[in-house]
Each structure stands twice: as C-alpha cells, then as structure tokens.
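Asks: One file: coords14.tsv (TSV, C-alpha atoms and all ligand atoms).
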```
chain	number	residue	atom	x	y	z
A	1	MET	CA	0.00	0.00	0.00
A	2	LYS	CA	1.32	3.45	-0.92
A	3	PRO	CA	1.67	5.82	2.05
A	4	MET	CA	-1.08	8.13	0.79
A	5	ASP	CA	-3.45	5.16	0.31
A	6	GLN	CA	-3.27	4.52	4.05
A	7	VAL	CA	-4.29	8.16	4.70
A	8	LEU	CA	-7.08	7.90	2.12
A	9	GLU	CA	-8.31	4.68	3.71
A	10	THR	CA	-8.38	6.20	7.21
A	11	SER	CA	-10.10	9.32	5.83
A	12	GLU	CA	-12.77	7.18	4.19
A	13	LYS	CA	-13.32	5.19	7.39
A	14	ILE	CA	-13.80	8.44	9.32
A	15	ARG	CA	-16.10	9.92	6.66
A	16	SER	CA	-18.27	6.79	6.49
A	17	MET	CA	-18.25	6.55	10.31
A	18	GLU	CA	-16.62	3.12	10.35
A	19	ILE	CA	-14.31	4.97	12.73
A	20	ARG	CA	-16.47	7.33	14.77
A	21	GLY	CA	-16.72	9.19	18.06
A	22	ALA	CA	-14.95	12.50	18.53
A	23	GLY	CA	-12.06	11.00	20.48
A	24	ARG	CA	-11.61	7.98	18.24
A	25	ILE	CA	-11.47	10.01	15.04
A	26	ALA	CA	-8.86	12.28	16.64
A	27	THR	CA	-6.56	9.43	17.65
A	28	ALA	CA	-7.08	7.67	14.32
A	29	ALA	CA	-6.02	10.85	12.48
A	30	ALA	CA	-2.97	11.27	14.71
A	31	ALA	CA	-1.93	7.63	14.13
A	32	SER	CA	-2.49	7.99	10.40
A	33	LEU	CA	-0.24	11.07	10.20
A	34	ARG	CA	2.42	9.31	12.27
A	35	ASP	CA	2.40	6.22	10.05
A	36	PHE	CA	2.40	8.40	6.95
A	37	SER	CA	5.43	10.35	8.17
A	38	LEU	CA	7.35	7.10	8.67
A	39	ALA	CA	6.37	5.66	5.30
A	40	ILE	CA	6.96	8.55	2.90
A	41	GLU	CA	10.08	9.09	0.90
A	42	ALA	CA	10.91	12.78	0.87
A	43	ARG	CA	13.60	14.52	-1.19
A	44	SER	CA	13.98	17.35	1.30
A	45	LEU	CA	12.48	18.82	4.45
A	46	GLU	CA	10.30	21.09	2.29
A	47	ASP	CA	9.05	18.08	0.36
A	48	PHE	CA	8.30	16.28	3.65
A	49	ASN	CA	6.40	19.31	4.98
A	50	LEU	CA	4.38	19.52	1.77
A	51	GLN	CA	3.44	15.84	1.82
A	52	MET	CA	2.51	16.02	5.50
A	53	LYS	CA	0.34	19.06	4.83
A	54	ARG	CA	-1.49	17.24	2.02
A	55	ALA	CA	-2.22	14.28	4.29
A	56	ALA	CA	-3.36	16.56	7.12
A	57	ASP	CA	-5.74	18.42	4.78
A	58	LEU	CA	-7.28	15.16	3.61
A	59	LEU	CA	-7.98	13.99	7.15
A	60	LEU	CA	-9.27	17.40	8.17
A	61	LYS	CA	-11.93	17.41	5.48
A	62	THR	CA	-13.55	14.13	6.55
A	63	ARG	CA	-15.96	15.41	9.20
A	64	PRO	CA	-16.64	19.10	9.66
A	65	THR	CA	-17.94	19.39	13.23
A	66	ALA	CA	-15.75	17.58	15.77
A	67	VAL	CA	-12.98	19.96	16.82
A	68	SER	CA	-11.07	17.00	18.26
A	69	LEU	CA	-10.00	16.24	14.71
A	70	SER	CA	-8.50	19.66	14.00
A	71	ASN	CA	-7.00	19.89	17.51
A	72	ALA	CA	-5.31	16.49	17.06
A	73	ILE	CA	-4.01	17.35	13.62
A	74	ARG	CA	-2.78	20.74	14.82
A	75	MET	CA	-0.92	19.09	17.72
A	76	VAL	CA	0.77	16.53	15.44
A	77	MET	CA	1.63	19.12	12.81
A	78	LYS	CA	3.16	21.49	15.37
A	79	TYR	CA	6.63	20.13	14.65
A	80	ARG	CA	9.50	22.52	13.95
A	81	ALA	CA	12.63	20.85	12.64
A	82	GLU	CA	15.88	21.65	10.91
A	83	THR	CA	16.33	18.29	9.22
A	84	LEU	CA	14.19	15.65	7.60
A	85	ALA	CA	15.10	13.06	10.23
A	86	SER	CA	14.24	15.33	13.13
A	87	ALA	CA	10.97	16.32	11.47
A	88	ARG	CA	9.97	12.66	11.26
A	89	THR	CA	10.95	12.07	14.88
A	90	ALA	CA	8.96	15.11	16.00
A	91	VAL	CA	5.81	14.01	14.15
A	92	VAL	CA	6.01	10.53	15.69
A	93	LEU	CA	6.59	12.02	19.14
A	94	ASN	CA	3.69	14.48	18.83
A	95	ALA	CA	1.30	11.81	17.57
A	96	ASN	CA	2.24	9.26	20.24
A	97	CYS	CA	2.03	11.93	22.89
A	98	PHE	CA	-1.47	12.93	21.74
A	99	ILE	CA	-2.69	9.32	21.68
A	100	GLU	CA	-1.19	8.52	25.10
A	101	ASN	CA	-2.59	11.69	26.70
A	102	SER	CA	-5.98	11.00	25.25
A	103	GLU	CA	-6.03	7.52	26.84
A	104	LYS	CA	-4.92	8.96	30.18
A	105	ALA	CA	-7.54	11.72	29.92
A	106	LEU	CA	-10.30	9.12	29.55
A	107	GLU	CA	-9.15	7.37	32.73
A	108	LYS	CA	-8.98	10.62	34.68
A	109	ILE	CA	-12.40	11.71	33.45
A	110	GLY	CA	-13.72	8.36	34.66
A	111	ARG	CA	-12.17	8.80	38.11
A	112	ILE	CA	-13.33	12.40	38.52
A	113	GLY	CA	-16.78	12.06	36.95
A	114	SER	CA	-17.68	8.86	38.79
A	115	ARG	CA	-17.49	10.73	42.10
A	116	ARG	CA	-20.64	12.56	41.06
A	117	ILE	CA	-22.51	9.28	40.81
A	118	ARG	CA	-24.04	7.89	43.98
A	119	ASP	CA	-24.83	4.29	44.85
A	120	GLY	CA	-28.24	3.46	43.37
A	121	ASP	CA	-28.26	6.29	40.81
A	122	VAL	CA	-30.03	6.06	37.47
A	123	VAL	CA	-27.95	7.69	34.73
A	124	LEU	CA	-29.16	8.54	31.25
A	125	THR	CA	-26.71	8.69	28.36
A	126	HIS	CA	-27.14	9.55	24.70
A	127	CYS	CA	-25.24	8.27	21.65
A	128	ASN	CA	-21.92	6.52	22.25
A	129	SER	CA	-19.25	8.47	24.07
A	130	LEU	CA	-16.11	6.85	25.45
A	131	ALA	CA	-15.74	9.73	27.91
A	132	ALA	CA	-19.28	9.24	29.24
A	133	ILE	CA	-18.80	5.46	29.37
A	134	SER	CA	-15.56	5.91	31.29
A	135	VAL	CA	-17.54	7.76	33.99
A	136	LEU	CA	-20.16	5.01	34.10
A	137	SER	CA	-17.71	2.10	34.10
A	138	THR	CA	-15.52	3.66	36.81
A	139	ALA	CA	-18.58	4.19	39.02
A	140	HIS	CA	-19.62	0.57	38.44
A	141	LYS	CA	-16.13	-0.81	39.06
A	142	SER	CA	-15.88	1.15	42.31
A	143	GLY	CA	-18.80	-0.91	43.60
A	144	LYS	CA	-21.67	1.53	43.10
A	145	LYS	CA	-24.84	-0.09	41.89
A	146	ILE	CA	-26.04	2.00	38.97
A	147	LYS	CA	-28.63	1.65	36.25
A	148	VAL	CA	-28.08	3.25	32.86
A	149	ILE	CA	-30.80	4.32	30.46
A	150	ALA	CA	-29.39	4.57	26.92
A	151	THR	CA	-31.11	6.17	23.94
A	152	GLU	CA	-31.01	4.51	20.53
A	153	SER	CA	-29.57	7.67	18.92
A	154	ARG	CA	-31.16	7.59	15.54
A	155	PRO	CA	-30.34	7.59	12.70
A	156	ARG	CA	-27.01	5.76	13.17
A	157	PHE	CA	-28.05	3.88	16.32
A	158	GLN	CA	-24.84	4.52	18.25
A	159	GLY	CA	-26.93	3.65	21.33
A	160	ILE	CA	-26.67	0.00	20.29
A	161	THR	CA	-22.88	0.26	20.54
A	162	THR	CA	-23.34	1.81	23.98
A	163	ILE	CA	-25.60	-0.95	25.34
A	164	GLY	CA	-23.13	-3.53	24.02
A	165	MET	CA	-20.29	-1.88	25.92
A	166	LEU	CA	-22.35	-1.50	29.10
A	167	ASP	CA	-23.53	-5.10	28.84
A	168	ARG	CA	-19.95	-6.36	28.60
A	169	LEU	CA	-19.12	-4.33	31.71
A	170	GLY	CA	-22.02	-5.99	33.54
A	171	ILE	CA	-23.94	-2.72	34.04
A	172	GLU	CA	-27.73	-2.92	34.31
A	173	THR	CA	-29.01	-1.07	31.24
A	174	GLU	CA	-32.30	-0.08	29.67
A	175	LEU	CA	-32.60	0.91	26.01
A	176	ILE	CA	-35.18	3.52	25.00
A	177	VAL	CA	-36.18	5.16	21.73
A	178	ASP	CA	-34.97	8.76	21.55
A	179	SER	CA	-38.46	10.16	21.93
A	180	ALA	CA	-38.91	8.39	25.30
A	181	ALA	CA	-36.32	10.66	26.92
A	182	ARG	CA	-38.90	12.95	28.57
A	183	SER	CA	-41.00	10.01	29.77
A	184	VAL	CA	-38.15	8.53	31.74
A	185	MET	CA	-36.51	11.77	32.90
A	186	ASN	CA	-38.29	11.85	36.26
A	187	GLU	CA	-36.57	8.55	37.14
A	188	VAL	CA	-33.12	9.85	36.17
A	189	ASP	CA	-30.63	11.23	38.72
A	190	LEU	CA	-27.96	12.36	36.29
A	191	VAL	CA	-27.49	12.72	32.54
A	192	VAL	CA	-23.97	12.10	31.23
A	193	VAL	CA	-23.11	12.79	27.59
A	194	GLY	CA	-19.94	13.31	25.58
A	195	ALA	CA	-18.99	16.27	23.40
A	196	ASP	CA	-17.99	16.95	19.84
A	197	VAL	CA	-17.29	20.62	20.48
A	198	ILE	CA	-17.38	22.93	23.48
A	199	THR	CA	-17.17	26.59	22.56
A	200	ALA	CA	-15.47	29.48	24.37
A	201	ASN	CA	-18.70	30.35	26.21
A	202	GLY	CA	-19.44	26.77	27.25
A	203	THR	CA	-21.99	25.88	24.61
A	204	LEU	CA	-22.05	22.17	23.82
A	205	VAL	CA	-22.26	20.73	20.32
A	206	ASN	CA	-23.05	17.03	20.53
A	207	LYS	CA	-25.05	14.26	18.85
A	208	ILE	CA	-28.44	15.34	17.54
A	209	GLY	CA	-31.00	14.99	20.31
A	210	THR	CA	-28.67	16.14	23.10
A	211	ALA	CA	-30.25	19.62	23.31
A	212	GLN	CA	-33.75	18.30	23.93
A	213	ILE	CA	-32.45	15.89	26.57
A	214	ALA	CA	-30.76	18.85	28.31
A	215	LEU	CA	-34.01	20.78	28.18
A	216	PHE	CA	-35.93	17.85	29.66
A	217	ALA	CA	-33.28	17.44	32.37
A	218	SER	CA	-33.50	21.11	33.23
A	219	GLU	CA	-37.29	20.97	33.44
A	220	ALA	CA	-37.11	17.85	35.65
A	221	ARG	CA	-34.30	19.37	37.81
A	222	THR	CA	-31.98	16.52	36.81
A	223	SER	CA	-28.23	17.22	36.75
A	224	PHE	CA	-26.61	17.33	33.32
A	225	MET	CA	-22.92	16.46	33.00
A	226	VAL	CA	-20.72	16.65	29.91
A	227	ALA	CA	-17.69	14.34	29.92
A	228	ALA	CA	-15.02	15.67	27.60
A	229	GLU	CA	-11.27	15.69	27.13
A	230	THR	CA	-9.84	19.22	26.93
A	231	TYR	CA	-9.12	18.74	23.22
A	232	LYS	CA	-12.89	18.86	22.60
A	233	PHE	CA	-12.81	22.60	23.35
A	234	SER	CA	-12.67	24.84	20.31
A	235	PRO	CA	-9.97	27.53	20.07
A	236	GLN	CA	-11.49	28.83	16.85
A	237	THR	CA	-14.61	29.96	18.72
A	238	ILE	CA	-12.55	32.54	20.62
A	239	LEU	CA	-12.15	34.24	17.26
A	240	GLY	CA	-15.90	34.24	16.80
A	241	GLU	CA	-15.93	31.33	14.38
A	242	LEU	CA	-19.23	29.47	14.30
A	243	VAL	CA	-19.30	25.68	14.56
A	244	THR	CA	-20.31	23.96	11.33
A	245	ILE	CA	-23.06	21.41	11.94
A	246	GLU	CA	-22.54	18.38	9.73
A	247	GLU	CA	-25.54	17.45	7.57
A	248	ARG	CA	-25.30	13.83	6.52
A	249	GLU	CA	-26.96	11.93	3.68
A	250	ALA	CA	-30.74	11.54	3.61
A	251	GLY	CA	-30.36	7.79	3.14
A	252	GLU	CA	-29.27	7.42	6.77
A	253	VAL	CA	-32.78	8.53	7.82
A	254	LEU	CA	-34.96	7.21	4.99
A	255	PRO	CA	-33.41	4.62	2.69
A	256	ASP	CA	-35.87	5.11	-0.19
A	257	ILE	CA	-36.55	8.78	-0.74
A	258	SER	CA	-37.09	8.34	-4.49
A	259	LYS	CA	-40.81	7.59	-4.17
A	260	TYR	CA	-41.52	11.08	-2.81
A	261	SER	CA	-41.52	14.12	-5.07
A	262	HIS	CA	-41.93	16.94	-2.58
A	263	VAL	CA	-40.10	15.64	0.44
A	264	ARG	CA	-36.60	16.53	1.53
A	265	VAL	CA	-35.06	14.58	4.39
A	266	ARG	CA	-32.91	16.62	6.72
A	267	ASN	CA	-30.18	14.89	8.67
A	268	PRO	CA	-28.20	17.23	10.92
A	269	ALA	CA	-25.78	15.07	12.90
A	270	PHE	CA	-25.34	17.43	15.85
A	271	ASP	CA	-27.22	20.06	17.82
A	272	VAL	CA	-26.41	22.91	20.15
A	273	THR	CA	-27.03	22.91	23.90
A	274	PRO	CA	-26.74	26.33	25.57
A	275	HIS	CA	-24.46	26.49	28.62
A	276	GLN	CA	-27.42	27.36	30.88
A	277	TYR	CA	-28.54	23.73	30.68
A	278	ILE	CA	-25.18	22.27	31.61
A	279	ASP	CA	-24.37	21.78	35.30
A	280	MET	CA	-20.77	20.71	34.85
A	281	ILE	CA	-18.16	19.66	32.35
A	282	CYS	CA	-15.95	16.86	33.56
A	283	THR	CA	-12.50	17.09	31.98
A	284	GLU	CA	-9.19	15.39	32.79
A	285	VAL	CA	-8.18	18.54	34.69
A	286	GLY	CA	-11.28	18.60	36.83
A	287	VAL	CA	-14.94	19.46	36.88
A	288	ILE	CA	-15.62	22.95	35.59
A	289	PRO	CA	-18.71	25.07	35.09
A	290	PRO	CA	-19.32	25.62	31.35
A	291	GLU	CA	-18.60	29.33	31.76
A	292	MET	CA	-14.93	28.45	32.41
A	293	SER	CA	-14.43	26.97	28.95
A	294	TYR	CA	-12.55	30.03	27.76
A	295	LEU	CA	-9.84	29.39	30.35
A	296	ILE	CA	-9.45	25.76	29.30
A	297	ILE	CA	-8.88	26.88	25.73
A	298	LYS	CA	-6.29	29.49	26.74
A	299	GLU	CA	-4.46	27.39	29.31
A	300	ARG	CA	-4.73	23.80	28.08
A	301	LEU	CA	-4.63	24.18	24.33
A	302	GLY	CA	-1.81	26.72	24.48
A	303	TRP	CA	-3.63	28.75	21.95
A	304	GLU	CA	-2.58	32.31	21.18
A	305	MET	CA	-4.82	35.07	19.89
A	306	ASP	CA	-2.67	35.79	16.82
A	307	GLU	CA	-2.72	32.20	15.57
A	308	ASP	CA	-4.85	31.71	12.48
A	309	ILE	CA	-5.98	35.33	12.19
B	1	LIG	P1	-16.27	10.37	22.56
B	1	LIG	C1	-19.89	11.24	18.77
B	1	LIG	O1	-20.03	11.69	17.46
B	1	LIG	C2	-21.08	11.56	19.65
B	1	LIG	O2	-21.69	12.80	19.35
B	1	LIG	C3	-20.43	11.53	21.01
B	1	LIG	O3	-21.21	12.17	22.01
B	1	LIG	C4	-19.14	12.28	20.71
B	1	LIG	O4	-18.75	11.82	19.42
B	1	LIG	C5	-18.04	12.11	21.71
B	1	LIG	O5	-17.61	10.77	21.76
B	1	LIG	P2	-20.23	10.68	16.18
B	1	LIG	O6	-18.85	10.39	15.66
B	1	LIG	O7	-15.14	11.16	22.00
B	1	LIG	O8	-20.99	9.47	16.59
B	1	LIG	O9	-16.53	10.73	24.02
B	1	LIG	O10	-21.00	11.52	15.19
B	1	LIG	O11	-16.12	8.90	22.35
```
As a first step, turn the structure in this file into structure tokens.

Replies:
Amino acid sequence: MKPMDQVLETSEKIRSMEIRGAGRIATAAAASLRDFSLAIEARSLEDFNLQMKRAADLLLKTRPTAVSLSNAIRMVMKYRAETLASARTAVVLNANCFIENSEKALEKIGRIGSRRIRDGDVVLTHCNSLAAISVLSTAHKSGKKIKVIATESRPRFQGITTIGMLDRLGIETELIVDSAARSVMNEVDLVVVGADVITANGTLVNKIGTAQIALFASEARTSFMVAAETYKFSPQTILGELVTIEEREAGEVLPDISKYSHVRVRNPAFDVTPHQYIDMICTEVGVIPPEMSYLIIKERLGWEMDEDI
C-alpha cells in the first residue's frame, strides 16, 4: 500500500463513520499522520512538509464538526525541525504523545466524573461516548450499583454500541427510543453525555438529540454532565468562528426517498445545547462550570490570539 493510500483509507473510514466518536477520530487521524510520516520518501524537508500538509488536509476534510479532529491534527503538525530526520521524529513524538494523553484523559475523566454518581443512581446517556462510558464504568467498578438508560440515537443507532459496551461491563441497562427521553426523565438522577465541540462560552455541540435531553433534564431538575477531554474545546470559537453542523446523507434517515416528489429529508448530525442547561463539564483537569471553557482553551490548548488570524 502506498503511504497516501493509508491516509485515504483512514479518511474514508472516518467519513463513512466506520471509525467514529470524537475521540476515536482524533486518535485515528494522529496515528495515520504518524504512520504516513514514517512511510513517505521525501527529497527534502520542504518536500516532507508539503506531503505532510497534504495528508493533514485530507484527514481534516472528513468530518466538519468535531474539533477534536483539528485539535489532534494541529498538535501533530506542530513540529518545527531543521532536518528531515528530526521532522519525522517530531511528528512521531507528537502523535504518540497525543494518543497517550488522550487515553490517560479518559481514565482521569472516569475517576473524577464517577465521584458525582451515587450508589443506586439512574444515569441517562445519549449516543456513544467513550468519555461518558468511562464515567459510568468507573462508578460501576468502584462498587456503586447504577442503572443506565441509553437512547437509541437515531439515525445511526450509536446507542446500540453503547448498550453492548455496558452489557460487557455488567452494568444494568435499559434501552429507549430517543423520543422516550422525557418520559423517563423523572426517574433519572444524572445525565452524562460526551462532546464533539465545546465553545469558548461553554456551549455544547453534541449528537443530535442532546439539546432536547438537556431541556428535559433542566425541566425535571436533573443534573446534566458533559464528559469531555480538553481537546474537545474549540480555540477557533474565541475568534468568533461558528461551529459547522454536519448534515449527513438523507439515506441514513430514509433509505428510499425516491418515491416522494416533494419531500426533503434533513439529517443534521449534531445540535447545540446552551451552557445554561449544563451543570458541569468533567475534563481530565477537573470538573468545571461551562462558563470556564474560555480558560481551558487558553491554558490547556496553548492557543494564542494571533494564531490563524
Ligand atoms: P467520545 C460522537 O459523534 C457523539 O456525538 C459523542 O457524544 C461524541 O462523538 C463524543 O464521543 P459521532 O462520531 O469522544 O458518533 O466521548 O458523530 O467517544
């Protein structure tokens, strides 16, 4: 396989959602860039930089919403080197460092977030988030008896992946259709979801359906926690950039649209939850109120105002 074919293959897996989940696409992109850097033959440092940039651009274009992808690529591509050999070493180091930190972050989020779960709690989760599942599994492993209610998460049914994971962990789980979220909310003690993007003012962009669950939770006075690694925060939003909401193919919602003449199927993959509905964001550096997101971006992502302007 040619080096670029490996990048194309990973890009296609991310685009088609064979590899999915904000964290998983980020680590897959980092690993792809690392493997590409080791496999390419470059005539000079400039040639290496150019080839790396092409690969990074390909991966970046796969899914437009999750900022984890651009943050991961930015971190890997932040190499400064004088020679070809040191450039390669730096890319490998950056990528491995990102992947390792992201694994550690998941563990820490689990340890911190699980403290908010009490013995006997009922927790509702939406879609399939490794960060949210880390919180649930850590609570379960620490001996707390919990029950999880998981939504199906149409149209891609990531909820089925979630119930499979929870089942393997031995956690008592109930599966509901997305529209049953309000019906069960009065039984729920805590909602835990993941994040695709958290903006500078603490707004959450996550799987379609999250915003209505947050609204229901707020109405029922149920706590709402977001579990997210700090690389899910968006530096671009400090500059006023809006988050692009990915619209996916109609066929994911309705396989045969051809028999209708006047119907258009809309399939936004994510929605926006205002920070007022979020009680806490559990990151690897601690639990923060959403209003502190700006500080996470400045301090954790080492992001400077003049970058990208
Ligand atoms: P982790 C997923 O996006 C879901 O929206 C999920 O909440 C989020 O990524 C975070 O997942 P998609 O790829 O990074 O299913 O916590 O569209 O695993």

Asks: Once 3 Å is added on each side, what are the centre and the three edge lengths, in Å to one decimal, of the axis-aligned box enclosing the listed atoms of segment 78-97 of chain A? Present them as lines of an AutoDock Vina configuration file.

Replies:
```
center_x = 8.8
center_y = 15.9
center_z = 15.2
size_x = 21.0
size_y = 19.3
size_z = 21.3
```

Asks: Please list, as a CSV table (one decimal) with C-alpha atoms, in the coordinates of the input, the residues that have an atom at most 12 Å away from (-16.1, 5.6, 41.8) in the coordinates of this file, counting only C-alpha atoms.

Replies:
```
chain,number,residue,atom,x,y,z
A,107,GLU,CA,-9.2,7.4,32.7
A,108,LYS,CA,-9.0,10.6,34.7
A,109,ILE,CA,-12.4,11.7,33.4
A,110,GLY,CA,-13.7,8.4,34.7
A,111,ARG,CA,-12.2,8.8,38.1
A,112,ILE,CA,-13.3,12.4,38.5
A,113,GLY,CA,-16.8,12.1,37.0
A,114,SER,CA,-17.7,8.9,38.8
A,115,ARG,CA,-17.5,10.7,42.1
A,116,ARG,CA,-20.6,12.6,41.1
A,117,ILE,CA,-22.5,9.3,40.8
A,118,ARG,CA,-24.0,7.9,44.0
A,119,ASP,CA,-24.8,4.3,44.8
A,134,SER,CA,-15.6,5.9,31.3
A,135,VAL,CA,-17.5,7.8,34.0
A,136,LEU,CA,-20.2,5.0,34.1
A,137,SER,CA,-17.7,2.1,34.1
A,138,THR,CA,-15.5,3.7,36.8
A,139,ALA,CA,-18.6,4.2,39.0
A,140,HIS,CA,-19.6,0.6,38.4
A,141,LYS,CA,-16.1,-0.8,39.1
A,142,SER,CA,-15.9,1.2,42.3
A,143,GLY,CA,-18.8,-0.9,43.6
A,144,LYS,CA,-21.7,1.5,43.1
A,145,LYS,CA,-24.8,-0.1,41.9
A,146,ILE,CA,-26.0,2.0,39.0
```

Asks: Residues within 6 Å of ligand LIG 1 (chain B), counting only C-alpha atoms and all ligand atoms: report them as a ChimeraX atom specification.

Replies: /A:20-23,127-131,193-196,206-207

Asks: My list of candidates is A:Ala228, A:Leu190, A:Ile198, A:Ala31. Which is closest to Asp279 of chain A when distances are computed with all atoms listed in the file?

Replies: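 Checking each candidate against Asp279 of chain A, we get A:Leu190 as the closest.
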
Asks: Rounded to one decimal in Å, what is the spacing between atom CA of Ser179 of chain A and atom CA of Phe157 of chain A?

Replies: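 Going from atom CA of Ser179 of chain A over to atom CA of Phe157 of chain A, I get 13.4 Å.
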
Asks: Let me make sure I understand: among A:Ala211, A:Ile40, A:Ala220, A:Ile296, which one has the smallest atom-to-atom distance to Pro274 of chain A if we use all atoms listed in the file?

Replies: A:Ala211

Asks: Could you check how far atom CA of Val123 of chain A sits from atom CA of Phe270 of chain A, in Å to one decimal?

Replies: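 Between atom CA of Val123 of chain A and atom CA of Phe270 of chain A the gap is 21.4 Å.
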
Asks: When you count only C-alpha atoms, which of these residues is closest to Leu58 of chain A: A:Arg15, A:Arg300, A:Arg248, A:Arg221?

Replies: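 For Leu58 of chain A, the nearest of the given residues is A:Arg15.
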
Asks: How about completing segment 123-138 of chain A with N, CA and C atoms and giving it to me as a PDB file, in the coordinates of the input?

Replies:
```pdb
ATOM      1  N   VAL A 123     -28.659   6.728  35.579  1.00  0.00           N
ATOM      2  CA  VAL A 123     -27.950   7.690  34.730  1.00  0.00           C
ATOM      3  C   VAL A 123     -28.411   7.514  33.289  1.00  0.00           C
ATOM      4  N   LEU A 124     -28.765   8.617  32.663  1.00  0.00           N
ATOM      5  CA  LEU A 124     -29.160   8.540  31.250  1.00  0.00           C
ATOM      6  C   LEU A 124     -27.993   8.996  30.376  1.00  0.00           C
ATOM      7  N   THR A 125     -27.743   8.258  29.313  1.00  0.00           N
ATOM      8  CA  THR A 125     -26.710   8.690  28.360  1.00  0.00           C
ATOM      9  C   THR A 125     -27.275   8.634  26.943  1.00  0.00           C
ATOM     10  N   HIS A 126     -26.651   9.437  26.074  1.00  0.00           N
ATOM     11  CA  HIS A 126     -27.140   9.550  24.700  1.00  0.00           C
ATOM     12  C   HIS A 126     -25.970   9.278  23.753  1.00  0.00           C
ATOM     13  N   CYS A 127     -26.253   8.607  22.664  1.00  0.00           N
ATOM     14  CA  CYS A 127     -25.240   8.270  21.650  1.00  0.00           C
ATOM     15  C   CYS A 127     -24.187   7.332  22.246  1.00  0.00           C
ATOM     16  N   ASN A 128     -22.978   7.403  21.762  1.00  0.00           N
ATOM     17  CA  ASN A 128     -21.920   6.520  22.250  1.00  0.00           C
ATOM     18  C   ASN A 128     -20.675   7.363  22.470  1.00  0.00           C
ATOM     19  N   SER A 129     -20.412   7.640  23.731  1.00  0.00           N
ATOM     20  CA  SER A 129     -19.250   8.470  24.070  1.00  0.00           C
ATOM     21  C   SER A 129     -18.334   7.695  24.994  1.00  0.00           C
ATOM     22  N   LEU A 130     -17.065   7.564  24.602  1.00  0.00           N
ATOM     23  CA  LEU A 130     -16.110   6.850  25.450  1.00  0.00           C
ATOM     24  C   LEU A 130     -15.885   7.594  26.757  1.00  0.00           C
ATOM     25  N   ALA A 131     -15.945   8.931  26.690  1.00  0.00           N
ATOM     26  CA  ALA A 131     -15.740   9.730  27.910  1.00  0.00           C
ATOM     27  C   ALA A 131     -16.888   9.480  28.891  1.00  0.00           C
ATOM     28  N   ALA A 132     -18.117   9.484  28.376  1.00  0.00           N
ATOM     29  CA  ALA A 132     -19.280   9.240  29.240  1.00  0.00           C
ATOM     30  C   ALA A 132     -19.227   7.804  29.784  1.00  0.00           C
ATOM     31  N   ILE A 133     -18.845   6.863  28.932  1.00  0.00           N
ATOM     32  CA  ILE A 133     -18.800   5.460  29.370  1.00  0.00           C
ATOM     33  C   ILE A 133     -17.690   5.235  30.400  1.00  0.00           C
ATOM     34  N   SER A 134     -16.620   6.006  30.299  1.00  0.00           N
ATOM     35  CA  SER A 134     -15.560   5.910  31.290  1.00  0.00           C
ATOM     36  C   SER A 134     -16.090   6.295  32.675  1.00  0.00           C
ATOM     37  N   VAL A 135     -16.925   7.338  32.719  1.00  0.00           N
ATOM     38  CA  VAL A 135     -17.540   7.760  33.990  1.00  0.00           C
ATOM     39  C   VAL A 135     -18.418   6.634  34.550  1.00  0.00           C
ATOM     40  N   LEU A 136     -19.225   6.056  33.670  1.00  0.00           N
ATOM     41  CA  LEU A 136     -20.160   5.010  34.100  1.00  0.00           C
ATOM     42  C   LEU A 136     -19.411   3.747  34.550  1.00  0.00           C
ATOM     43  N   SER A 137     -18.403   3.348  33.770  1.00  0.00           N
ATOM     44  CA  SER A 137     -17.710   2.100  34.100  1.00  0.00           C
ATOM     45  C   SER A 137     -16.886   2.265  35.377  1.00  0.00           C
ATOM     46  N   THR A 138     -16.305   3.451  35.582  1.00  0.00           N
ATOM     47  CA  THR A 138     -15.520   3.660  36.810  1.00  0.00           C
ATOM     48  C   THR A 138     -16.441   3.613  38.038  1.00  0.00           C
TER      49      THR A 138
END
```
